[in-house]
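So this one's structure06.txt, compact mmCIF, C-alpha atoms:
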```txt
# COMPACT_ATOMS: atom_id res chain seq x y z
CA MET D 1 -0.26 -1.09 -16.83
CA LEU D 2 0.33 1.35 -13.96
CA PHE D 3 -2.83 3.29 -14.85
CA ILE D 4 -4.97 0.11 -14.92
CA ASP D 5 -3.44 -1.02 -11.62
CA GLN D 6 -4.25 2.23 -9.82
CA ILE D 7 -7.77 2.61 -11.29
CA LEU D 8 -8.65 -0.93 -10.23
CA LYS D 9 -7.17 -0.51 -6.73
CA ILE D 10 -9.01 2.78 -6.19
CA TYR D 11 -12.25 1.21 -7.41
CA ILE D 12 -11.86 -1.77 -5.06
CA LYS D 13 -10.81 0.44 -2.12
CA THR D 14 -13.79 2.78 -2.56
CA ASN D 15 -16.43 0.15 -3.36
CA PHE D 16 -15.57 -2.90 -1.21
CA THR D 17 -15.19 -3.44 2.50
CA LEU D 18 -12.14 -5.35 3.66
CA GLY D 19 -12.68 -9.08 3.15
CA GLU D 20 -15.60 -8.63 0.75
CA GLU D 21 -15.64 -11.19 -2.04
CA ILE D 22 -17.46 -11.55 -5.36
CA TYR D 23 -17.52 -14.87 -7.20
CA VAL D 24 -16.79 -14.39 -10.90
CA PHE D 25 -16.44 -18.17 -11.26
CA GLU D 26 -15.93 -20.81 -8.57
CA TRP D 27 -12.17 -20.70 -9.37
CA PHE D 28 -11.92 -16.89 -9.82
CA ARG D 29 -12.97 -14.35 -7.24
CA ILE D 30 -12.53 -10.67 -6.53
CA HIS D 31 -11.53 -10.71 -2.86
CA PHE D 32 -10.44 -7.43 -1.25
CA ILE D 33 -7.52 -7.63 1.16
CA GLU D 34 -4.72 -5.26 2.11
CA ASN D 35 -1.17 -6.04 3.16
CA ASN D 36 1.81 -4.07 4.38
CA GLY D 37 3.60 -4.60 1.12
CA MET D 38 5.52 -7.84 1.29
CA ALA D 39 4.57 -11.05 -0.48
CA TRP D 40 1.81 -13.03 1.27
CA GLY D 41 1.41 -10.23 3.82
CA VAL D 42 4.70 -10.94 5.58
CA GLU D 43 5.65 -8.20 8.04
CA PHE D 44 8.72 -7.36 10.08
CA GLY D 45 9.69 -4.66 12.53
CA GLY D 46 6.34 -2.86 12.93
CA ARG D 47 6.24 0.79 11.79
CA ILE D 48 10.04 1.07 11.55
CA GLY D 49 10.19 -2.13 9.47
CA LYS D 50 7.49 -0.78 7.16
CA LEU D 51 9.42 2.48 6.73
CA VAL D 52 12.67 0.59 6.03
CA LEU D 53 10.84 -1.60 3.48
CA THR D 54 9.40 1.46 1.73
CA ILE D 55 12.79 3.20 1.58
CA PHE D 56 14.38 0.00 0.23
CA ARG D 57 11.66 -0.17 -2.42
CA LEU D 58 12.29 3.44 -3.45
CA ILE D 59 15.99 2.63 -3.90
CA ALA D 60 15.11 -0.54 -5.85
CA ILE D 61 12.66 1.36 -8.09
CA SER D 62 15.37 3.94 -8.80
CA ALA D 63 17.76 1.17 -9.82
CA ILE D 64 15.12 -0.52 -11.99
CA GLY D 65 14.24 2.84 -13.56
CA TYR D 66 17.90 3.43 -14.39
CA TRP D 67 18.16 -0.11 -15.83
CA LEU D 68 15.15 0.62 -18.04
CA TYR D 69 16.54 4.00 -19.14
CA ASP D 70 19.96 2.47 -19.89
CA SER D 71 18.41 -0.47 -21.79
CA ILE D 72 16.39 1.87 -23.98
CA LYS D 73 19.37 4.17 -24.54
CA LYS D 74 21.58 1.22 -25.56
CA GLN D 75 18.78 -0.19 -27.73
CA GLN D 76 18.82 -3.53 -25.91
CA HIS D 77 16.62 -6.44 -26.99
CA GLN D 78 12.91 -5.52 -27.13
CA ILE D 79 11.97 -8.35 -24.73
CA LEU D 80 14.39 -6.96 -22.13
CA ILE D 81 12.82 -3.50 -22.42
CA ILE D 82 9.29 -4.92 -22.13
CA ALA D 83 10.23 -7.11 -19.16
CA VAL D 84 11.98 -4.31 -17.26
CA SER D 85 9.09 -1.94 -18.08
CA LEU D 86 6.61 -4.40 -16.57
CA ILE D 87 8.74 -4.86 -13.45
CA PHE D 88 9.17 -1.10 -13.09
CA ALA D 89 5.45 -0.34 -13.58
CA GLY D 90 4.47 -3.04 -11.10
CA ALA D 91 6.93 -1.84 -8.49
CA VAL D 92 5.75 1.77 -8.89
CA GLY D 93 2.10 0.64 -8.61
CA ASN D 94 2.69 -1.06 -5.27
CA ILE D 95 4.90 1.70 -3.89
CA ILE D 96 2.17 4.27 -4.60
CA ASP D 97 -0.11 2.28 -2.28
CA SER D 98 2.60 2.02 0.39
CA ILE D 99 3.50 5.69 0.35
CA PHE D 100 0.18 7.47 -0.25
CA TYR D 101 -2.86 5.27 0.46
CA GLY D 102 -2.51 5.73 4.23
CA ILE D 103 -3.03 9.49 3.95
CA ILE D 104 -5.50 9.44 1.02
CA PHE D 105 -8.04 6.84 2.22
CA THR D 106 -9.92 6.04 5.40
CA ASP D 107 -9.73 2.42 6.53
CA SER D 108 -11.92 -0.30 5.02
CA TYR D 109 -12.81 -2.21 8.21
CA ALA D 110 -16.13 -0.65 9.17
CA GLY D 111 -17.24 0.19 5.64
CA VAL D 112 -16.13 1.36 2.25
CA ALA D 113 -13.10 3.66 2.33
CA THR D 114 -13.43 7.35 1.53
CA ALA D 115 -10.79 9.29 -0.37
CA PHE D 116 -9.57 12.60 1.06
CA ALA D 117 -11.86 12.48 4.10
CA GLU D 118 -11.94 15.53 6.35
CA GLY D 119 -10.44 13.62 9.30
CA GLY D 120 -7.57 12.31 7.20
CA GLY D 121 -6.54 8.82 6.20
CA TYR D 122 -5.99 5.63 8.15
CA ASN D 123 -2.24 6.08 8.55
CA SER D 124 0.70 8.37 7.87
CA LEU D 125 2.82 8.97 4.78
CA PHE D 126 4.94 5.87 3.93
CA HIS D 127 2.66 3.59 5.99
CA GLY D 128 -0.11 2.73 3.55
CA LYS D 129 -1.22 -0.79 2.71
CA VAL D 130 -1.18 -2.45 -0.71
CA VAL D 131 -4.60 -3.33 -2.14
CA ASP D 132 -4.95 -6.88 -3.51
CA MET D 133 -8.01 -8.41 -5.13
CA PHE D 134 -7.45 -11.30 -7.57
CA TYR D 135 -8.00 -14.73 -6.05
CA PHE D 136 -7.82 -17.99 -8.04
CA PRO D 137 -8.49 -20.93 -5.68
CA PHE D 138 -8.39 -23.59 -8.40
CA TRP D 139 -8.68 -26.51 -5.98
CA SER D 140 -9.33 -26.89 -2.27
CA GLY D 141 -9.51 -30.07 -0.24
CA TYR D 142 -7.69 -32.46 2.01
CA LEU D 143 -4.44 -33.88 0.71
CA PRO D 144 -3.99 -37.67 0.74
CA GLU D 145 -2.67 -39.09 4.02
CA TRP D 146 0.25 -40.79 2.24
CA LEU D 147 1.86 -37.46 1.31
CA PRO D 148 4.88 -36.68 3.50
CA ILE D 149 4.63 -33.56 5.71
CA TRP D 150 1.34 -32.19 4.25
CA GLY D 151 -0.71 -35.41 4.12
CA GLY D 152 -4.17 -35.06 5.65
CA ASN D 153 -4.00 -31.25 5.77
CA TYR D 154 -6.50 -28.94 4.10
CA PHE D 155 -4.90 -27.28 1.08
CA THR D 156 -5.91 -24.66 -1.49
CA PHE D 157 -4.03 -24.72 -4.77
CA PHE D 158 -3.12 -21.14 -5.59
CA ASN D 159 -4.31 -19.30 -2.54
CA ALA D 160 -2.35 -16.11 -3.20
CA ILE D 161 -4.38 -12.92 -3.56
CA PHE D 162 -2.67 -10.36 -5.80
CA ASN D 163 -3.13 -7.25 -7.95
CA VAL D 164 -2.27 -5.98 -11.44
CA ALA D 165 1.10 -4.64 -10.24
CA ASP D 166 2.07 -8.05 -8.83
CA SER D 167 1.07 -9.63 -12.16
CA ALA D 168 3.21 -7.16 -14.10
CA ILE D 169 6.24 -7.90 -11.92
CA SER D 170 5.72 -11.67 -12.24
CA ILE D 171 5.28 -11.52 -16.02
CA GLY D 172 8.39 -9.33 -16.36
CA VAL D 173 10.49 -11.74 -14.29
CA MET D 174 9.13 -14.74 -16.24
CA LEU D 175 10.05 -13.06 -19.53
CA LEU D 176 13.60 -12.52 -18.28
CA ILE D 177 13.87 -16.17 -17.21
CA ILE D 178 12.30 -17.65 -20.35
CA PHE D 179 14.18 -15.44 -22.80
CA ASN D 180 17.37 -14.98 -20.79
CA LYS D 181 19.66 -16.20 -23.60
CA LYS D 182 18.13 -13.64 -25.99
CA VAL D 183 18.08 -10.70 -23.60
CA PHE D 184 21.46 -11.45 -21.98
CA PRO D 185 23.55 -12.92 -24.83
CA GLU D 186 27.04 -14.11 -23.99
CA GLU D 187 29.63 -11.75 -25.37
CA ASN D 188 32.34 -13.24 -27.52
CA ASN D 189 35.78 -12.43 -26.14
```
Represent the structure from my file as structure tokens, please.
Amino acid sequence: MLFIDQILKIYIKTNFTLGEEIYVFEWFRIHFIENNGMAWGVEFGGRIGKLVLTIFRLIAISAIGYWLYDSIKKQQHQILIIAVSLIFAGAVGNIIDSIFYGIIFTDSYAGVATAFAEGGGYNSLFHGKVVDMFYFPFWSGYLPEWLPIWGGNYFTFFNAIFNVADSAISIGVMLLIIFNKKVFPEENN
């Protein structure tokens, strides 16, 4: 999963300009964006906030890695091991972008990014952006006026743009939720 994530991100980064979009179907598009690493592009605290977020992620990945190691060692339920593996791989995939992409690639604003350019990358170590590309706008339109709060507003159902790593994390979390009684059985006292 991690390998597929990185190959696809590198392909998109080195073949698309920022904002470029290809229609696969009306409801499925490849749309290249970058974000500072939080869901829906949320940011806080500028460069210091980005550094704090990256350090927090490294600590979280270490904890998830230990959880995976311990689950395998204790021969926990197979679904638990698969779920934690997906979460771990996804987290590592996105942290690679955050840590290294800023020094590896040039920016994608004026054209397609170049890897290992002579002048260096678009940012410093720990300040890279996460590459996202999958966009599934299943429905767009104006909501009925009678709806409270959102009535009359333009709305796109499923407007998130994400990557393989995000998918792996989401699938891993869903597996833990769906199969929580199997993977976390209550111990008899």
Query - Using all atoms listed in the file: which of D:Ala83, D:Ala60, D:Lys50, D:Gly19 has the shortest distance to Gly172 of chain D - result: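 Looking only at the distances to Gly172 of chain D, the closest residue turns out to be D:Ala83.
You can rank D:Ile79, D:Gly111, D:Val130, D:Tyr142 by their closest distance to Ile177 of chain D using only C-alpha atoms, and at the top of that list sits D:Ile79.
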Axis-aligned box over every listed atom of segment 171-188 of chain D, padded by 4 Å per side: centre and edges in Å to one decimal, as AutoDock Vina command-line options?
```
--center_x 18.8 --center_y -13.5 --center_z -20.9 --size_x 35.1 --size_y 16.3 --size_z 21.2
```
Query raised in the report: Which residues, written as a ChimeraX atom specification, have at least one atom at most 9 Å from Val173 of chain D, with all atoms listed in the file counted and residues fewer than 4 positions away on the same chain left out?
Result: /D:83-84,86-87,168-169,177-178
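The shortest atom-to-atom distance to Phe179 of chain D, with all atoms listed in the file taken into account, belongs to D:Leu80 out of D:His127, D:Ala160, D:Leu80, D:Ser85.
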Query raised in the report: What's the 12 Å shell around Phe134 of chain D, counting only C-alpha atoms, without same-chain residues fewer than 2 positions away, as number ranges by chain?
Result: D: 5, 8-9, 12, 20-25, 27-34, 131-132, 136-137, 158-167
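If you measure from each of D:Leu51, D:Ile10, D:Ile59, D:Ile149 to Gly93 of chain D using all atoms listed in the file, the closest one turns out to be D:Ile10.
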Requested in this report: One decimal, Å: what's the distance from atom CA of Leu58 of chain D over to atom CA of Ile81 of chain D, could you say?
Outcome: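 Computing the Euclidean distance for atom CA of Leu58 of chain D and atom CA of Ile81 of chain D yields 20.2 Å.
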Query raised in the report: Given the choices D:Phe184, D:Phe3, D:Gln76, D:Leu18, which gets closest to Ala110 of chain D if the distance is worked out from all atoms listed in the file?
Result: D:Leu18
Query raised in the report: So how many Å separate atom CA of Thr156 of chain D and atom CA of Tyr135 of chain D, to one decimal?
Result: 11.1 Å
Report task. Rounded to one decimal place, report the atom CA of Gly121 of chain D-atom CA of Ala89 of chain D distance in Å. Result -> 24.9 Å
Query raised in the report: With distances taken over all atoms listed in the file, which of D:Ala117, D:Asn35, D:Gly65, D:Ser140 is nearest to Tyr154 of chain D?
Result: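 Under the stated criterion, the closest residue is D:Ser140.
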**Report entry** Spatial sel., origin (2.3, 2.8, 1.4), limit 12 Å, all atoms listed in the file, listed as a VMD selection string
**Finding:** chain D and resid 34 to 38 47 50 to 55 57 to 58 91 to 105 121 to 131
